[in-house]
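Worksheet: one structure, shown below.
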Amino acid sequence: MRTDDLIINGEHADLGTTNVALEFVNNLLTSVDKISTSHTWTITLPRTTRNDRIFGFASRLGVEGAKLNVVMPAEYYRRGVAVVADGRLYCSGVTSAGYQCVLLWSIYPVLQDWLDSKPSLRDLVLSGSGYTWSGTQTSGDLWPEDVAYEAAYDTGVPSMPPTPCANARKIFDAVLNSMGGVTIDASAITSELGYGLSHYAIPLTPRIGGMSGANSGAVKAYDVRKDGSTSLPEVRVETSIGAPPVSAATHYIQCDSEKFTRYDFSISGNLVLGTNIAASSATKLLICGIERDGLNTRTPLASFPVTASNTSSGTTITVSGSYTLESLSDYHAIAIVLDGVTMSANQSVSVLSSSTFRISIVTFVKQAQVGDNYEISPNLPDMSQLDYVKFVLAFYGAGLVVGADGGLHAVTLESVVAKCGTADVYDWSELVVNMSTDSPGTIEPKVEGYDSRRNWMRWADDDKLANIDADGYIPAVGESLGAESDIYTAPFSATDGAHILQYEKDEEGNISDTDISARFVHVEQGQDGPELFFSGRQRWSRVIDEHYSSIREMLKEPRTLETYVRLKEVDLAALDFTRPVYLEQTGRHYILSKLKTDASTDICTAILVQLPE
């Protein structure tokens with residue numbers, strides 16, 4: 001009789017005679033490509049009436065060969081204990097043997113929505129963080145506590161300004177936020193992310209223009225006259241839509257169709273006026289275009305109803321709404337008009353300081369020119385957010401795990417080594433089965449994931465820099481190891497220490513874009529502002545020296561121990577891969593690399609990698 005139970009989408013599935021082989025994999029010792037699918041169970045569920053109903057084939061024959069590609073919530077229990085409390089069952093298809101499925105848990109359920117949407121870096125929400133090509137160092141709009149390097153380095157074209165760059169720390173924070181948040185646990189990576197990553201930048205490659213919030217502001221009028229003679233407000237509030245004097249046009253929002261393609265208006269708040277003006281149910285706020293006809297004819301483009309209150313102390317008008325104008329070439333200015341109020345001719349009307357009336361205007365740039373705001377998101381490299389996370393984790397020798405709080409945590413091998421000899425260690429000395437100092441289990445002189453004497457970490461290929469030698473490898477010792485293999489290739493290209501030509505200038509002085517690869521470069525503060533450097537900091541050999549010390553020590557004498565350990569269901573449900581394992585039989589600490597179990601016994605196969613002392 002089975003003592004385990006698989007629940008799919010709220011229904012108990014038939015397991016038949018299928019053996020259950022759960023596999024737990026530590027992300028700290030595997031390729032970062034596996035960060036989303038570390039814990040798996042590959043299973044074939046039998047074709048039964050119950051399973052047919054779960055997978056949507058009840059009362060249907062001949063479904064063999066069907067491609068399902070569906071993901072459903074699933075739970076797995078052993079002896080009443082939820083070993084997998086929040087899993088996702090992926091069914092790829094139906095064969096004569098049954099339903100071909102993979103159960104994923106740990107990281108995948110936390111990231112499922114994010115992974116399914118396959119977001120690009122260009123999908124990041126970074127509103128209000130357009131970068132000016134200024135070469136100056138300022139506080140960023142989204143992250144005022146961080147330093148934003150808003151423009152960075154010489155393009156190699158003498159007459160051109162610095163090439164705009166995105167601060168890599170800001171981008172990483174935005175990606176983590178879109179993932180749902182990640183806690184950085186290890187002190188080393190915390191300091192590196194707080195300092196090191198903030199000193200890296202990503203050159204913004206295309207020049208496609210974007211959004212700028214430069215024209216956003218409040219109406220600060222102190223009085224409004226029916227004849228429109230006041231020059232105080234940045235955005236005019238009038239009491240009529242009749243043609244004003246030509247000289248008054250300069251007080252309006254000017255339409256710059258050469259620079260902008262679109263205006264987005266957002267209007268909200270209340271306008272508190274004096275006692276000599278009255279509103280009614282017919283009062284409304286208008287957005288008017290002033291036409292290019294020499295007569296300043298105003299055409300109402302949008303009308304917003306208002307809520308008005310007339311009292312002995314004055315009139316309060318409350319309004320909210322939004323409007324998008326995409327035909328800037330038809331008008332030379334925009335007027336914001338308060339219509340349908342009554343007042344005496346040429347009589348001044350006070351606008352009280354208690355007013356909260358605001359007009360925010362977001363402009364869309366036709367083409368980002370020198371000196372314009374350069375929007376970050378649409379100009380980032382065309383790569384997935386997942387690849388960017390993998391790169392940052394690989395760069396710092398980190399892994400992604402689910403913590404006891406159910407959230408995602410970024411940790412390093414160094415943080416595991418630091419726990420050795422503390423109370424935060426698994427002592428499995430009494431749990432191992434048939435193990436002694438004479439017979440400790442199977443010992444392999446290698447570590448899975450680092451199976452070669454040279455384990456290469458590489459940059460993406462770049463035809464323009466074919467001769468650059470910026471790759472690096474993590475060495476491992478062992479006669480049984482292969483000569484070399486690639487364990488990771490970054491989505492960025494390396495640099496040769498020279499200028500990156502993002503623009504070219506012909507003999508007539510015309511500027512054109514060049515096709516450059518995405519890069520990840522180091523920023524340091526120079527005498528005249530931030531500068532970018534393409535030296536050893538962008539060589540994998542230096543990255544490995546700085547962030548892979550524990551792994552390198554471990555691979556100097558690699559020892560992988562495969563043994564058997566008796567773990568109960570509660571142990572499996574609470575398994576923490578960031579805790580070292582101690583064995584009295586060998587007197588050494590290990591990191592748990594893999595754990596395999598099944599439904600028929602408490603005995604699991606544990607693959608342990610000896611940690612450096």
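Chain labels A, B, ... are given in the sequence in which chains occur in the structure tokens; within each chain residues are numbered consecutively from 1, and ligands are likewise numbered from 1 in the order shown.
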
Extract, using only C-alpha atoms, all DNA, RNA and protein residues at most 8 Å from Leu352 in chain A, discarding same-chain residues fewer than 4 positions from it, and format them as a list in words. Tyr222, Leu271, Val272, Leu273 and Gly274 of chain A

Quick one: residues within 6 Å of range 589-604 of chain A, only C-alpha atoms, excluding same-chain residues fewer than 4 positions away - as a PyMOL selection string? chain A and resi 20-26+564-568+580-582+608-611

Would you pick out the contacts of range 413-419 of chain A at 12 Å or less, using only C-alpha atoms, so that residues sharing its chain but fewer than 6 positions from it are not included, and give the list as a PyMOL selection string? chain A and resi 26-30+184-190+393-394+396-400+425-426+546-554+576-582+588-593+609-613

Of A:Val392, A:Val337, A:Leu286, A:Val83, the one nearest to Val175 in chain A when counting only C-alpha atoms is A:Val392

Hey, which of A:Ile54, A:Ile290, A:Leu301, A:Ala168 ends up closest to Ser329 in chain A? Count only C-alpha atoms.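 Nearest candidate to Ser329 in chain A out of A:Ile54, A:Ile290, A:Leu301, A:Ala168: A:Ile290.
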
Using CA of Val389 in chain A and CA of Gln112 in chain A as the two end points, give the distance in Å to one decimal. 15.2 Å

Applying 10 Å and only C-alpha atoms, which residues near Cys288 in chain A remain after dropping the ones on its own chain fewer than 5 positions away? List them as a PyMOL selection string. chain A and resi 241+297-303+331+333-337

Would you output that residue set with N, CA, C and O atoms, as a tab-separated table (two decimals), in the first residue's frame?
chain	number	residue	atom	x	y	z
A	241	ILE	N	-12.80	80.73	-24.22
A	241	ILE	CA	-12.06	80.13	-25.32
A	241	ILE	C	-12.07	81.04	-26.54
A	241	ILE	O	-11.82	80.62	-27.65
A	297	THR	N	-6.60	80.73	-33.58
A	297	THR	CA	-7.87	80.04	-33.34
A	297	THR	C	-7.65	78.85	-32.43
A	297	THR	O	-6.77	78.02	-32.68
A	298	ARG	N	-8.47	78.74	-31.39
A	298	ARG	CA	-8.33	77.63	-30.45
A	298	ARG	C	-9.39	76.58	-30.71
A	298	ARG	O	-10.59	76.88	-30.75
A	299	THR	N	-8.94	75.34	-30.87
A	299	THR	CA	-9.83	74.21	-31.11
A	299	THR	C	-9.86	73.32	-29.88
A	299	THR	O	-8.82	72.79	-29.47
A	300	PRO	N	-11.02	73.15	-29.24
A	300	PRO	CA	-11.09	72.24	-28.08
A	300	PRO	C	-10.71	70.82	-28.49
A	300	PRO	O	-11.26	70.25	-29.44
A	301	LEU	N	-9.76	70.23	-27.78
A	301	LEU	CA	-9.30	68.86	-28.05
A	301	LEU	C	-9.82	67.87	-27.02
A	301	LEU	O	-10.05	66.71	-27.34
A	302	ALA	N	-9.97	68.29	-25.80
A	302	ALA	CA	-10.45	67.40	-24.74
A	302	ALA	C	-11.22	68.24	-23.73
A	302	ALA	O	-10.88	69.39	-23.47
A	303	SER	N	-12.27	67.64	-23.18
A	303	SER	CA	-13.12	68.34	-22.21
A	303	SER	C	-13.24	67.48	-20.96
A	303	SER	O	-13.53	66.28	-21.04
A	331	TYR	N	-0.65	72.33	-34.44
A	331	TYR	CA	-0.80	73.45	-33.53
A	331	TYR	C	0.57	74.00	-33.18
A	331	TYR	O	1.58	73.29	-33.22
A	333	ALA	N	0.76	75.81	-30.20
A	333	ALA	CA	0.73	75.88	-28.74
A	333	ALA	C	-0.53	75.20	-28.23
A	333	ALA	O	-1.47	74.93	-28.99
A	334	ILE	N	-0.51	74.90	-26.93
A	334	ILE	CA	-1.65	74.29	-26.26
A	334	ILE	C	-2.10	75.23	-25.14
A	334	ILE	O	-1.27	75.77	-24.41
A	335	ALA	N	-3.42	75.43	-25.00
A	335	ALA	CA	-3.97	76.24	-23.93
A	335	ALA	C	-4.83	75.38	-23.02
A	335	ALA	O	-5.59	74.52	-23.50
A	336	ILE	N	-4.70	75.57	-21.73
A	336	ILE	CA	-5.57	74.92	-20.75
A	336	ILE	C	-6.61	75.96	-20.35
A	336	ILE	O	-6.27	77.02	-19.81
A	337	VAL	N	-7.87	75.68	-20.62
A	337	VAL	CA	-8.92	76.69	-20.52
A	337	VAL	C	-10.00	76.25	-19.55
A	337	VAL	O	-10.49	75.12	-19.62

Residues within 8 Å of range 101-103 of chain A, please, as a tab-separated table (two decimals) with N, CA and C atoms, in the first residue's frame. Count only C-alpha atoms; anything in the same chain fewer than 4 positions from it doesn't count.
chain	number	residue	atom	x	y	z
A	40	THR	N	13.42	18.57	-9.11
A	40	THR	CA	12.56	17.96	-10.12
A	40	THR	C	12.18	16.52	-9.75
A	41	TRP	N	11.09	16.09	-10.33
A	41	TRP	CA	10.66	14.69	-10.28
A	41	TRP	C	10.06	14.39	-11.65
A	42	THR	N	10.71	13.53	-12.39
A	42	THR	CA	10.21	13.10	-13.70
A	42	THR	C	9.35	11.86	-13.50
A	43	ILE	N	8.14	11.91	-14.00
A	43	ILE	CA	7.17	10.86	-13.68
A	43	ILE	C	6.26	10.61	-14.87
A	44	THR	N	5.86	9.35	-15.02
A	44	THR	CA	4.85	8.96	-15.99
A	44	THR	C	3.62	8.50	-15.22
A	45	LEU	N	2.52	9.24	-15.35
A	45	LEU	CA	1.29	8.87	-14.64
A	45	LEU	C	0.45	7.97	-15.54
A	74	ALA	N	0.61	21.61	-8.00
A	74	ALA	CA	0.66	20.24	-7.50
A	74	ALA	C	1.32	20.21	-6.13
A	87	GLY	N	4.21	23.02	-5.62
A	87	GLY	CA	4.91	22.61	-6.83
A	87	GLY	C	4.12	22.95	-8.08
A	88	ARG	N	4.76	22.75	-9.22
A	88	ARG	CA	4.11	22.92	-10.52
A	88	ARG	C	4.39	21.67	-11.34
A	89	LEU	N	3.32	21.05	-11.83
A	89	LEU	CA	3.44	19.85	-12.64
A	89	LEU	C	3.31	20.24	-14.11
A	90	TYR	N	4.35	19.95	-14.86
A	90	TYR	CA	4.37	20.23	-16.29
A	90	TYR	C	4.15	18.94	-17.04
A	91	CYS	N	3.09	18.88	-17.83
A	91	CYS	CA	2.79	17.68	-18.63
A	91	CYS	C	3.07	18.01	-20.09
A	92	SER	N	4.01	17.29	-20.68
A	92	SER	CA	4.43	17.59	-22.04
A	92	SER	C	3.64	16.82	-23.10
A	93	GLY	N	3.08	15.68	-22.73
A	93	GLY	CA	2.35	14.93	-23.74
A	93	GLY	C	1.88	13.57	-23.24

Residues within 9 Å of Leu380 in chain A, only C-alpha atoms, excluding chain neighbours under 6 positions, as a ChimeraX atom specification: /A:121-122,165-166,202-206,518

Please indicate the distance in Å from CA of Thr442 in chain A to CA of Thr563 in chain A, rounded to one decimal place.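 These atoms are spaced 6.6 Å apart.
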
Extract, using only C-alpha atoms, all DNA, RNA and protein residues at most 8 Å from Gly98 in chain A, discarding same-chain residues fewer than 2 positions from it, and format them as a ChimeraX atom specification. /A:44-47,94-96,100

Top pick for closest residue to Met383 in chain A, considering A:Arg262, A:Arg519, A:Arg358, A:Arg292 and counting only C-alpha atoms: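 The answer is A:Arg519, which sits nearest to Met383 in chain A.
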